[in-house]
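J.: What follows is entry14.cif, mmCIF, C-alpha atoms and all ligand atoms.
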```cif
data_protein
loop_
_atom_site.group_PDB
_atom_site.id
_atom_site.type_symbol
_atom_site.label_atom_id
_atom_site.label_comp_id
_atom_site.auth_asym_id
_atom_site.auth_seq_id
_atom_site.Cartn_x
_atom_site.Cartn_y
_atom_site.Cartn_z
ATOM 1 C CA MET A 1 5.593 -6.788 8.359
ATOM 2 C CA THR A 2 3.195 -8.326 10.840
ATOM 3 C CA LEU A 3 0.548 -10.745 9.642
ATOM 4 C CA LEU A 4 -2.384 -10.481 11.961
ATOM 5 C CA SER A 5 -4.949 -13.131 12.567
ATOM 6 C CA PRO A 6 -8.377 -12.147 13.883
ATOM 7 C CA ILE A 7 -8.011 -11.206 17.539
ATOM 8 C CA PRO A 8 -9.984 -13.454 19.887
ATOM 9 C CA GLN A 9 -12.740 -11.802 21.918
ATOM 10 C CA ASN A 10 -10.922 -11.776 25.231
ATOM 11 C CA SER A 11 -7.343 -11.233 24.144
ATOM 12 C CA ALA A 12 -5.352 -8.206 25.209
ATOM 13 C CA VAL A 13 -4.426 -5.631 22.590
ATOM 14 C CA ASN A 14 -1.840 -7.155 20.253
ATOM 15 C CA PRO A 15 1.613 -6.076 21.511
ATOM 16 C CA VAL A 16 2.608 -5.017 17.983
ATOM 17 C CA PHE A 17 0.416 -1.956 18.488
ATOM 18 C CA SER A 18 1.970 -0.828 21.771
ATOM 19 C CA PRO A 19 3.142 2.720 21.202
ATOM 20 C CA PRO A 20 6.801 3.406 21.892
ATOM 21 C CA LEU A 21 7.365 5.542 24.975
ATOM 22 C CA ALA A 22 7.718 9.303 24.583
ATOM 23 C CA THR A 23 5.649 9.499 21.392
ATOM 24 C CA GLU A 24 2.136 10.830 21.161
ATOM 25 C CA VAL A 25 -0.711 8.491 20.240
ATOM 26 C CA ALA A 26 -2.826 10.271 17.631
ATOM 27 C CA LEU A 27 -5.541 7.693 17.162
ATOM 28 C CA SER A 28 -6.402 4.428 18.839
ATOM 29 C CA MET A 29 -9.238 1.975 18.850
ATOM 30 C CA THR A 30 -9.960 -1.290 20.562
ATOM 31 C CA ASN A 31 -12.500 -3.953 19.683
ATOM 32 C CA LEU A 32 -14.021 -1.762 16.992
ATOM 33 C CA SER A 33 -16.883 -3.618 15.310
ATOM 34 C CA PHE A 34 -19.596 -2.413 12.978
ATOM 35 C CA VAL A 35 -22.758 -3.920 11.523
ATOM 36 C CA TYR A 36 -25.069 -1.848 9.258
ATOM 37 C CA PRO A 37 -28.758 -1.798 10.273
ATOM 38 C CA ASP A 38 -29.594 -4.239 7.445
ATOM 39 C CA GLY A 39 -27.282 -6.807 9.081
ATOM 40 C CA THR A 40 -24.228 -6.303 6.818
ATOM 41 C CA GLU A 41 -21.290 -7.033 9.117
ATOM 42 C CA VAL A 42 -18.343 -4.904 7.975
ATOM 43 C CA LEU A 43 -15.720 -4.681 10.752
ATOM 44 C CA ARG A 44 -14.920 -7.205 13.456
ATOM 45 C CA GLN A 45 -12.944 -6.223 16.545
ATOM 46 C CA LEU A 46 -10.298 -3.996 15.017
ATOM 47 C CA HIS A 47 -7.352 -2.933 17.128
ATOM 48 C CA LEU A 48 -5.155 -0.177 15.770
ATOM 49 C CA SER A 49 -3.010 2.629 17.111
ATOM 50 C CA LEU A 50 -1.359 5.476 15.188
ATOM 51 C CA GLN A 51 1.475 7.639 16.459
ATOM 52 C CA ALA A 52 1.389 11.366 15.741
ATOM 53 C CA GLY A 53 3.155 12.036 12.458
ATOM 54 C CA GLU A 54 2.490 8.620 10.924
ATOM 55 C CA ARG A 55 1.208 8.417 7.343
ATOM 56 C CA VAL A 56 -0.822 5.285 7.030
ATOM 57 C CA GLY A 57 -2.247 3.766 3.855
ATOM 58 C CA VAL A 58 -5.390 1.651 4.107
ATOM 59 C CA LEU A 59 -5.577 -1.058 1.438
ATOM 60 C CA GLY A 60 -8.387 -3.453 0.682
ATOM 61 C CA PRO A 61 -10.612 -4.604 -2.156
ATOM 62 C CA ASN A 62 -13.912 -2.909 -3.022
ATOM 63 C CA GLY A 63 -16.365 -3.439 -0.197
ATOM 64 C CA ALA A 64 -13.668 -4.289 2.364
ATOM 65 C CA GLY A 65 -14.979 -1.560 4.662
ATOM 66 C CA LYS A 66 -12.424 1.257 4.248
ATOM 67 C CA THR A 67 -15.011 4.030 3.961
ATOM 68 C CA THR A 68 -17.093 2.529 6.767
ATOM 69 C CA PHE A 69 -13.955 2.393 8.934
ATOM 70 C CA PHE A 70 -13.207 6.072 8.220
ATOM 71 C CA LYS A 71 -16.774 7.129 9.036
ATOM 72 C CA LEU A 72 -16.471 5.348 12.389
ATOM 73 C CA LEU A 73 -13.201 7.160 13.119
ATOM 74 C CA CYS A 74 -14.872 10.515 12.398
ATOM 75 C CA GLY A 75 -18.014 9.866 14.427
ATOM 76 C CA LEU A 76 -20.224 9.790 11.305
ATOM 77 C CA LEU A 77 -21.237 6.239 12.226
ATOM 78 C CA ARG A 78 -21.695 4.805 15.717
ATOM 79 C CA PRO A 79 -19.650 1.646 16.436
ATOM 80 C CA THR A 80 -21.673 -1.475 17.166
ATOM 81 C CA GLN A 81 -18.940 -2.335 19.652
ATOM 82 C CA GLY A 82 -15.713 -0.683 20.806
ATOM 83 C CA ALA A 83 -14.529 2.916 20.816
ATOM 84 C CA VAL A 84 -12.188 5.328 19.088
ATOM 85 C CA THR A 85 -9.867 7.762 20.851
ATOM 86 C CA LEU A 86 -8.315 10.742 19.103
ATOM 87 C CA PHE A 87 -5.545 12.620 20.905
ATOM 88 C CA ASP A 88 -6.680 11.268 24.287
ATOM 89 C CA GLN A 89 -10.346 12.186 23.814
ATOM 90 C CA SER A 90 -13.119 9.792 22.843
ATOM 91 C CA VAL A 91 -14.688 10.332 19.424
ATOM 92 C CA ALA A 92 -18.392 10.856 20.069
ATOM 93 C CA PHE A 93 -20.969 9.902 17.439
ATOM 94 C CA GLY A 94 -22.293 12.974 15.619
ATOM 95 C CA ARG A 95 -19.980 15.457 17.327
ATOM 96 C CA PHE A 96 -17.812 17.649 15.085
ATOM 97 C CA ARG A 97 -14.109 17.890 15.944
ATOM 98 C CA SER A 98 -11.967 20.491 14.272
ATOM 99 C CA ASP A 99 -8.793 18.507 15.023
ATOM 100 C CA LEU A 100 -9.980 15.704 12.710
ATOM 101 C CA GLY A 101 -10.611 16.229 8.997
ATOM 102 C CA PHE A 102 -12.285 13.816 6.588
ATOM 103 C CA VAL A 103 -11.872 14.222 2.823
ATOM 104 C CA PHE A 104 -14.815 12.284 1.373
ATOM 105 C CA GLN A 105 -14.504 9.725 -1.422
ATOM 106 C CA ASN A 106 -16.818 11.932 -3.525
ATOM 107 C CA PRO A 107 -15.941 15.681 -3.451
ATOM 108 C CA ASP A 108 -19.601 16.514 -4.186
ATOM 109 C CA ASP A 109 -20.358 15.337 -0.625
ATOM 110 C CA GLN A 110 -17.996 18.023 0.684
ATOM 111 C CA LEU A 111 -18.736 21.102 -1.427
ATOM 112 C CA PHE A 112 -22.046 22.937 -1.031
ATOM 113 C CA SER A 113 -21.450 26.721 -1.080
ATOM 114 C CA ALA A 114 -21.928 29.230 -3.908
ATOM 115 C CA SER A 115 -18.183 29.854 -4.275
ATOM 116 C CA VAL A 116 -14.940 28.028 -3.585
ATOM 117 C CA TRP A 117 -13.913 30.797 -1.175
ATOM 118 C CA GLU A 118 -17.081 30.329 0.881
ATOM 119 C CA ASP A 119 -16.663 26.569 0.976
ATOM 120 C CA ILE A 120 -13.100 26.875 2.288
ATOM 121 C CA ALA A 121 -14.096 29.608 4.775
ATOM 122 C CA PHE A 122 -17.003 27.551 6.176
ATOM 123 C CA GLY A 123 -14.893 25.443 8.577
ATOM 124 C CA PRO A 124 -12.814 28.288 10.057
ATOM 125 C CA GLN A 125 -15.972 30.434 10.428
ATOM 126 C CA ASN A 126 -17.673 27.630 12.353
ATOM 127 C CA MET A 127 -14.648 27.364 14.608
ATOM 128 C CA GLY A 128 -15.431 30.919 15.719
ATOM 129 C CA LEU A 129 -12.348 32.554 14.192
ATOM 130 C CA SER A 130 -12.312 36.291 13.429
ATOM 131 C CA ALA A 131 -12.863 37.543 9.857
ATOM 132 C CA GLU A 132 -9.156 38.300 9.610
ATOM 133 C CA GLN A 133 -8.185 34.823 10.814
ATOM 134 C CA VAL A 134 -10.665 33.261 8.384
ATOM 135 C CA GLU A 135 -9.071 35.219 5.516
ATOM 136 C CA GLU A 136 -5.654 33.967 6.593
ATOM 137 C CA ARG A 137 -6.803 30.354 6.853
ATOM 138 C CA VAL A 138 -8.459 30.452 3.412
ATOM 139 C CA ALA A 139 -5.356 31.998 1.835
ATOM 140 C CA MET A 140 -3.122 29.408 3.501
ATOM 141 C CA ALA A 141 -5.337 26.464 2.418
ATOM 142 C CA MET A 142 -5.549 27.742 -1.162
ATOM 143 C CA ALA A 143 -1.790 28.245 -1.376
ATOM 144 C CA LEU A 144 -1.104 24.731 -0.042
ATOM 145 C CA THR A 145 -3.526 23.100 -2.465
ATOM 146 C CA GLY A 146 -2.846 25.368 -5.465
ATOM 147 C CA THR A 147 -6.479 26.481 -5.693
ATOM 148 C CA GLN A 148 -6.032 30.291 -5.520
ATOM 149 C CA SER A 149 -7.271 30.874 -9.065
ATOM 150 C CA LEU A 150 -10.546 29.079 -8.292
ATOM 151 C CA ALA A 151 -11.606 31.329 -5.373
ATOM 152 C CA GLN A 152 -14.665 32.869 -7.034
ATOM 153 C CA ARG A 153 -15.733 29.841 -9.073
ATOM 154 C CA MET A 154 -18.851 27.784 -8.284
ATOM 155 C CA PRO A 155 -17.697 24.476 -6.786
ATOM 156 C CA HIS A 156 -20.175 22.439 -8.811
ATOM 157 C CA HIS A 157 -18.795 23.828 -12.071
ATOM 158 C CA LEU A 158 -15.259 22.630 -11.375
ATOM 159 C CA SER A 159 -13.560 19.636 -12.963
ATOM 160 C CA GLY A 160 -13.096 16.469 -10.907
ATOM 161 C CA GLY A 161 -9.449 17.282 -10.175
ATOM 162 C CA GLU A 162 -10.229 20.884 -9.213
ATOM 163 C CA LYS A 163 -13.046 19.727 -6.928
ATOM 164 C CA ARG A 164 -10.705 17.257 -5.235
ATOM 165 C CA MET A 165 -8.108 19.903 -4.365
ATOM 166 C CA VAL A 166 -10.819 22.342 -3.188
ATOM 167 C CA ALA A 167 -12.315 19.568 -1.009
ATOM 168 C CA ILE A 168 -8.870 19.077 0.522
ATOM 169 C CA ALA A 169 -8.543 22.857 1.033
ATOM 170 C CA THR A 170 -11.840 22.947 2.994
ATOM 171 C CA ILE A 171 -10.264 20.508 5.462
ATOM 172 C CA VAL A 172 -6.749 22.002 5.527
ATOM 173 C CA ALA A 173 -8.242 25.424 6.411
ATOM 174 C CA MET A 174 -9.261 24.020 9.805
ATOM 175 C CA GLN A 175 -5.672 22.911 10.485
ATOM 176 C CA PRO A 176 -6.674 19.505 11.860
ATOM 177 C CA SER A 177 -4.019 17.372 13.511
ATOM 178 C CA LEU A 178 -5.200 14.266 11.676
ATOM 179 C CA ILE A 179 -6.647 14.082 8.164
ATOM 180 C CA ILE A 180 -8.388 11.080 6.627
ATOM 181 C CA TYR A 181 -8.394 10.893 2.821
ATOM 182 C CA ASP A 182 -10.790 8.480 1.119
ATOM 183 C CA GLU A 183 -9.586 7.642 -2.417
ATOM 184 C CA PRO A 184 -8.103 11.103 -3.021
ATOM 185 C CA SER A 185 -6.499 10.280 -6.399
ATOM 186 C CA ALA A 186 -9.629 8.745 -7.953
ATOM 187 C CA ASN A 187 -10.455 10.387 -11.331
ATOM 188 C CA LEU A 188 -7.394 12.640 -11.329
ATOM 189 C CA ASP A 189 -5.328 13.131 -14.474
ATOM 190 C CA LEU A 190 -1.568 12.685 -14.267
ATOM 191 C CA ARG A 191 -0.788 16.307 -13.482
ATOM 192 C CA ALA A 192 -3.511 16.643 -10.817
ATOM 193 C CA ARG A 193 -2.444 13.327 -9.275
ATOM 194 C CA ARG A 194 1.169 14.501 -9.145
ATOM 195 C CA ARG A 195 0.075 17.749 -7.481
ATOM 196 C CA LEU A 196 -1.859 15.726 -4.884
ATOM 197 C CA ILE A 197 1.159 13.492 -4.203
ATOM 198 C CA GLN A 198 3.429 16.522 -3.804
ATOM 199 C CA TYR A 199 0.889 18.054 -1.458
ATOM 200 C CA LEU A 200 0.697 14.879 0.663
ATOM 201 C CA LEU A 201 4.482 14.503 0.737
ATOM 202 C CA HIS A 202 4.826 18.020 2.140
ATOM 203 C CA SER A 203 1.866 17.935 4.529
ATOM 204 C CA GLU A 204 2.733 17.926 8.209
ATOM 205 C CA GLU A 205 -0.367 16.278 9.667
ATOM 206 C CA THR A 206 -0.799 12.674 10.688
ATOM 207 C CA PHE A 207 -2.878 11.087 7.954
ATOM 208 C CA LEU A 208 -4.741 7.980 6.897
ATOM 209 C CA VAL A 209 -5.371 7.438 3.213
ATOM 210 C CA ALA A 210 -7.432 4.727 1.522
ATOM 211 C CA SER A 211 -6.645 4.145 -2.121
ATOM 212 C CA HIS A 212 -6.525 1.621 -4.932
ATOM 213 C CA ASP A 213 -3.674 3.769 -6.326
ATOM 214 C CA LEU A 214 -0.932 1.637 -4.790
ATOM 215 C CA GLU A 215 1.885 3.609 -6.408
ATOM 216 C CA MET A 216 0.625 6.724 -4.641
ATOM 217 C CA ILE A 217 0.448 4.840 -1.334
ATOM 218 C CA LEU A 218 4.045 3.704 -1.850
ATOM 219 C CA GLU A 219 5.170 7.275 -2.412
ATOM 220 C CA VAL A 220 3.378 8.979 0.452
ATOM 221 C CA CYS A 221 2.917 6.429 3.273
ATOM 222 C CA ASP A 222 5.355 5.037 5.812
ATOM 223 C CA ARG A 223 2.969 2.315 7.004
ATOM 224 C CA VAL A 224 0.077 0.381 5.513
ATOM 225 C CA VAL A 225 -2.735 -1.737 6.875
ATOM 226 C CA LEU A 226 -4.628 -4.185 4.701
ATOM 227 C CA LEU A 227 -8.293 -4.534 5.539
ATOM 228 C CA ASN A 228 -10.388 -7.467 4.356
ATOM 229 C CA ASN A 229 -13.206 -9.668 5.604
ATOM 230 C CA GLY A 230 -13.705 -7.385 8.573
ATOM 231 C CA HIS A 231 -10.137 -7.656 9.861
ATOM 232 C CA ILE A 232 -6.768 -5.962 9.608
ATOM 233 C CA VAL A 233 -4.946 -8.747 7.785
ATOM 234 C CA VAL A 234 -1.500 -7.164 7.864
ATOM 235 C CA ASP A 235 0.100 -4.007 9.248
ATOM 236 C CA GLY A 236 3.606 -2.828 8.393
ATOM 237 C CA ASP A 237 6.089 -1.485 5.873
ATOM 238 C CA PRO A 238 4.447 -0.474 2.555
ATOM 239 C CA SER A 239 6.961 -1.960 0.117
ATOM 240 C CA GLU A 240 7.434 -5.124 2.137
ATOM 241 C CA ILE A 241 3.689 -5.764 2.187
ATOM 242 C CA MET A 242 2.988 -4.711 -1.379
ATOM 243 C CA GLN A 243 5.712 -6.837 -2.943
ATOM 244 C CA ASP A 244 4.259 -9.983 -1.346
ATOM 245 C CA ARG A 245 2.449 -11.280 -4.414
ATOM 246 C CA ALA A 246 0.643 -14.157 -2.671
ATOM 247 C CA LEU A 247 -0.629 -11.852 0.052
ATOM 248 C CA MET A 248 -1.738 -9.135 -2.361
ATOM 249 C CA GLU A 249 -3.472 -11.490 -4.768
ATOM 250 C CA SER A 250 -5.257 -13.383 -2.030
ATOM 251 C CA HIS A 251 -6.921 -10.076 -1.080
ATOM 252 C CA GLY A 252 -7.921 -8.956 -4.566
ATOM 253 C CA LEU A 253 -4.892 -6.681 -5.033
ATOM 254 C CA GLU A 254 -1.807 -6.681 -7.279
ATOM 255 C CA VAL A 255 1.860 -5.977 -6.674
ATOM 256 C CA PRO A 256 2.353 -2.402 -7.934
ATOM 257 C CA TYR A 257 4.331 -2.119 -11.167
ATOM 258 C CA SER A 258 7.339 -0.422 -9.555
ATOM 259 C CA LEU A 259 7.694 -3.240 -7.008
ATOM 260 C CA ALA A 260 7.017 -6.030 -9.511
ATOM 261 C CA GLY A 261 10.126 -4.794 -11.369
ATOM 262 C CA ARG A 262 12.151 -4.956 -8.173
ATOM 263 C CA GLU A 263 10.808 -8.424 -7.427
ATOM 264 C CA LEU A 264 11.932 -9.695 -10.872
ATOM 265 C CA LYS A 265 15.409 -8.213 -10.480
ATOM 266 C CA SER A 266 15.925 -9.706 -7.018
ATOM 267 C CA GLY A 267 14.769 -13.067 -8.326
ATOM 268 C CA GLY A 268 17.452 -12.937 -11.042
HETATM 269 N N1 LIG B 301 -25.566 2.112 4.289
HETATM 270 C C1 LIG B 301 -25.219 0.840 4.118
HETATM 271 N N2 LIG B 301 -26.059 -0.161 4.446
HETATM 272 C C2 LIG B 301 -25.714 -1.463 4.289
HETATM 273 N N3 LIG B 301 -24.502 -1.869 3.818
HETATM 274 C C3 LIG B 301 -23.628 -0.915 3.468
HETATM 275 C C4 LIG B 301 -23.934 0.482 3.593
HETATM 276 N N4 LIG B 301 -22.863 1.206 3.168
HETATM 277 C C5 LIG B 301 -21.939 0.287 2.804
HETATM 278 N N5 LIG B 301 -22.389 -0.970 2.990
HETATM 279 C C6 LIG B 301 -21.673 -2.243 2.736
HETATM 280 O O1 LIG B 301 -20.546 -2.266 3.626
HETATM 281 C C7 LIG B 301 -19.436 -2.896 2.989
HETATM 282 C C8 LIG B 301 -18.214 -1.989 3.061
HETATM 283 O O2 LIG B 301 -18.466 -0.851 2.258
HETATM 284 P P1 LIG B 301 -17.414 0.342 2.176
HETATM 285 O O3 LIG B 301 -18.001 1.412 1.335
HETATM 286 O O4 LIG B 301 -16.991 0.698 3.549
HETATM 287 O O5 LIG B 301 -16.208 -0.380 1.415
HETATM 288 P P2 LIG B 301 -14.863 0.225 0.802
HETATM 289 O O6 LIG B 301 -13.739 -0.631 1.278
HETATM 290 O O7 LIG B 301 -14.783 1.680 1.092
HETATM 291 O O8 LIG B 301 -15.063 -0.052 -0.762
HETATM 292 P P3 LIG B 301 -14.541 0.804 -2.049
HETATM 293 O O9 LIG B 301 -13.110 0.356 -2.289
HETATM 294 O O10 LIG B 301 -15.457 0.325 -3.135
HETATM 295 O O11 LIG B 301 -14.678 2.259 -1.759
HETATM 296 C C9 LIG B 301 -19.894 -3.230 1.571
HETATM 297 O O12 LIG B 301 -20.293 -4.582 1.542
HETATM 298 C C10 LIG B 301 -21.082 -2.313 1.355
HETATM 299 O O13 LIG B 301 -21.995 -2.889 0.442
HETATM 300 MG MG MG B 302 -14.732 3.388 -0.103
#
```
What does this structure look like when you write it as structure tokens?
T.:
Amino acid sequence: MTLLSPIPQNSAVNPVFSPPLATEVALSMTNLSFVYPDGTEVLRQLHLSLQAGERVGVLGPNGAGKTTFFKLLCGLLRPTQGAVTLFDQSVAFGRFRSDLGFVFQNPDDQLFSASVWEDIAFGPQNMGLSAEQVEERVAMAMALTGTQSLAQRMPHHLSGGEKRMVAIATIVAMQPSLIIYDEPSANLDLRARRRLIQYLLHSEETFLVASHDLEMILEVCDRVVLLNNGHIVVDGDPSEIMQDRALMESHGLEVPYSLAGRELKSGG
């Protein structure tokens, strides 16, 4: 676990983020800062690098800036300072990239067509794929997310859990190399949450996931970063970070139940 203090303006990138040789950097950013037009300062000089294949959880209290951070990574917001690079290409503000998928915090922001099938087909169609390829992509995305039976339903008539999996299918159909999930388990019942966790465990893409569902993060991520007060406070192993009670509580979080048990046992 690496506790990170705010990085001074002129410092070089923290060596902890140097990618090992012979691995592909999926996502990197330097000096990423963001202030909303009304003056709300959300992120201050973030430095972060993700290797291809990493599954990274983003923790932080309400208002820490997780969603803002994700929108910057996707080019939905323009950084006030700094830049984001995805697979060696700069992320440009407002420019769609099919190799990067963003599953919104609210599925209603993602679903807009008259049927689930059309919503899932929208991405592949806009990538210029043939009708046959679109059919294949939709079938693949539905099979992966378990949404086949919903194909002809109206998205806005679905339950919260059904909408969530369809929203994920609309992204999976584009086969992005990196997927960003913003609070994907929010409002899911136990069975739908378990299906989501199984899906994430078996997914092959690099992903970033923000969630207050710390047990889910523990199950699906191999690295976490904790965001608060505009900075990445800590970056490292999920269970090591999440069982640090003082650290968690000082950032408005709790040690997850499964780790609190372990902590008691190790303490005798
Ligand atoms: N359009 C906006 N204009 C001004 N301030 C905003 C805007 N959108 C968000 N903010 C502020 O930016 C800060 C970070 O918000 P953000 O939604 O990124 O947090 P979050 O970590 O995703 O929180 P949550 O856990 O509640 O989803 C908050 O203080 C929020 O009030
Ligand atoms: Mg959010």
J.: Which one is closest to Pro124 of chain A: A:Pro176, A:Phe87, A:Gly146, A:Arg164? Count all atoms listed in the file.
T.: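 Ranking A:Pro176, A:Phe87, A:Gly146, A:Arg164 by distance to Pro124 of chain A, first place goes to A:Pro176.
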J.: Which distance in Å separates atom CA of Asn31 of chain A and atom CA of Asp237 of chain A, to one decimal?
T.: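 Answer for the atom CA of Asn31 of chain A to atom CA of Asp237 of chain A separation: 23.3 Å.
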J.: Do you have the atom CA of His156 of chain A-atom CA of Gln133 of chain A distance handy?
T.: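 Computed distance, atom CA of His156 of chain A to atom CA of Gln133 of chain A, equals 26.1 Å.
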J.: Separation of atom CA of Thr85 of chain A and atom CA of Asp235 of chain A, in Å?
T.: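 Straight-line distance from atom CA of Thr85 of chain A to atom CA of Asp235 of chain A works out to 19.3 Å.
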J.: Could you list the protein, DNA and RNA residues that have any atom within 12 Å of ligand MG 302 (chain B), counting only C-alpha atoms and all ligand atoms, and write them as a list in words?
T.: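 Residues lying within 12 Å of ligand MG 302 (chain B): Val58, Leu59, Gly60, Pro61, Asn62, Gly63, Ala64, Gly65, Lys66, Thr67, Thr68, Phe69, Phe70, Lys71, Val103, Phe104, Gln105, Asn106, Tyr181, Asp182, Glu183, Pro184, Ala186, Val209, Ala210, Ser211, His212 and Leu227 of chain A.
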J.: Please provide as a PyMOL selection string all residues within 6 Å of Met29 of chain A, with the sequence filter that same-chain residues fewer than 3 positions apart are discarded (counting only C-alpha atoms).
T.: chain A and resi 47-48+83-84
J.: Take the residues from that selection and write them out as a PDB file, in the coordinates of the input, keeping C-alpha atoms.
T.:
```pdb
ATOM      1  CA  HIS A  47      -7.352  -2.933  17.128  1.00  0.00           C
ATOM      2  CA  LEU A  48      -5.155  -0.177  15.770  1.00  0.00           C
ATOM      3  CA  ALA A  83     -14.529   2.916  20.816  1.00  0.00           C
ATOM      4  CA  VAL A  84     -12.188   5.328  19.088  1.00  0.00           C
TER       5      VAL A  84
END
```
J.: Which is closer to ligand LIG 301 (chain B) than all the others in A:Phe34, A:Phe112, A:Trp117, A:Tyr257, using only C-alpha atoms and all ligand atoms?
T.: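 Of A:Phe34, A:Phe112, A:Trp117, A:Tyr257, the one nearest ligand LIG 301 (chain B), counting only C-alpha atoms and all ligand atoms, is A:Phe34.
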J.: For the structure shown, which residues end up in the PyMOL selection byres (((chain A and resi 55) around 9) and not hetatm)? Put them as number ranges by chain, please?
T.: A: 50, 52-54, 56-57, 205-209, 220-224
J.: Save the residues we just selected, C-alpha atoms, as a short mmCIF file (atom, residue, chain, number, x, y, z; two decimals), keeping the file's coordinate frame?
T.:
```cif
data_model
loop_
_atom_site.label_atom_id
_atom_site.label_comp_id
_atom_site.auth_asym_id
_atom_site.auth_seq_id
_atom_site.Cartn_x
_atom_site.Cartn_y
_atom_site.Cartn_z
CA LEU A 50 -1.36 5.48 15.19
CA ALA A 52 1.39 11.37 15.74
CA GLY A 53 3.16 12.04 12.46
CA GLU A 54 2.49 8.62 10.92
CA VAL A 56 -0.82 5.28 7.03
CA GLY A 57 -2.25 3.77 3.86
CA GLU A 205 -0.37 16.28 9.67
CA THR A 206 -0.80 12.67 10.69
CA PHE A 207 -2.88 11.09 7.95
CA LEU A 208 -4.74 7.98 6.90
CA VAL A 209 -5.37 7.44 3.21
CA VAL A 220 3.38 8.98 0.45
CA CYS A 221 2.92 6.43 3.27
CA ASP A 222 5.36 5.04 5.81
CA ARG A 223 2.97 2.32 7.00
CA VAL A 224 0.08 0.38 5.51
#
```
J.: Go through A:Leu77, A:Ile241, A:Val172, A:Ala141 and flag the residue nearest ligand LIG 301 (chain B), using only C-alpha atoms and all ligand atoms for the distances.
T.: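 Looking at the shortest contact to ligand LIG 301 (chain B), the residue is A:Leu77.
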J.: List the residues selected by the PyMOL selection byres (((chain A and resi 125) around 12) and not hetatm) in the file shown, writing them as a PyMOL selection string.
T.: chain A and resi 98+117-124+126-138+170+173-174
J.: Calculated over all atoms listed in the file, which of the candidates A:Gly161, A:Pro256, A:Gly39, A:Gly236 has the smallest distance to ligand LIG 301 (chain B)?
T.: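 For ligand LIG 301 (chain B), the nearest of the candidates is A:Gly39.
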J.: Taking the file as I've supplied it (selection: the PyMOL selection byres (((chain A and resi 245) around 12) and not hetatm)), which residues are included? Please answer as JSON, numbers by chain.
T.: {"A": [239, 240, 241, 242, 243, 244, 246, 247, 248, 249, 250, 251, 252, 253, 254, 255, 256, 257, 259, 260, 263, 264]}
J.: Enclose ligand LIG 301 (chain B), meaning all of its atoms listed in the file, in a box aligned along x, y and z, pad it by 5 Å on each side, and list the centre and edge lengths in Å to one decimal, as AutoDock Vina command-line options.
T.:
```
--center_x -19.6 --center_y -1.2 --center_z 0.7 --size_x 22.9 --size_y 16.8 --size_z 17.6
```
J.: Which is closer to Asn187 of chain A than all the others in A:Asp213, A:Val35, A:Pro238, A:Val233, using all atoms listed in the file?
T.: A:Asp213
J.: Of the candidates A:Ile179, A:Leu201, A:Leu196, A:Leu226, which shows the shortest atom-to-atom distance to ligand LIG 301 (chain B), using all atoms listed in the file?
T.: A:Leu226
J.: List the neighbours of Val116 of chain A out to 6 Å using all atoms listed in the file; skip same-chain residues closer than 6 positions along the sequence, and give me the result as a list in words.
T.: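 Residues meeting the cut-off are Ala151, Gln152, Arg153 and Pro155 of chain A.
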J.: Residues of the last selection are to be written out with C-alpha atoms, as a short mmCIF file (atom, residue, chain, number, x, y, z; two decimals), in the coordinates of the input.
T.:
```cif
data_model
loop_
_atom_site.label_atom_id
_atom_site.label_comp_id
_atom_site.auth_asym_id
_atom_site.auth_seq_id
_atom_site.Cartn_x
_atom_site.Cartn_y
_atom_site.Cartn_z
CA ALA A 151 -11.61 31.33 -5.37
CA GLN A 152 -14.66 32.87 -7.03
CA ARG A 153 -15.73 29.84 -9.07
CA PRO A 155 -17.70 24.48 -6.79
#
```
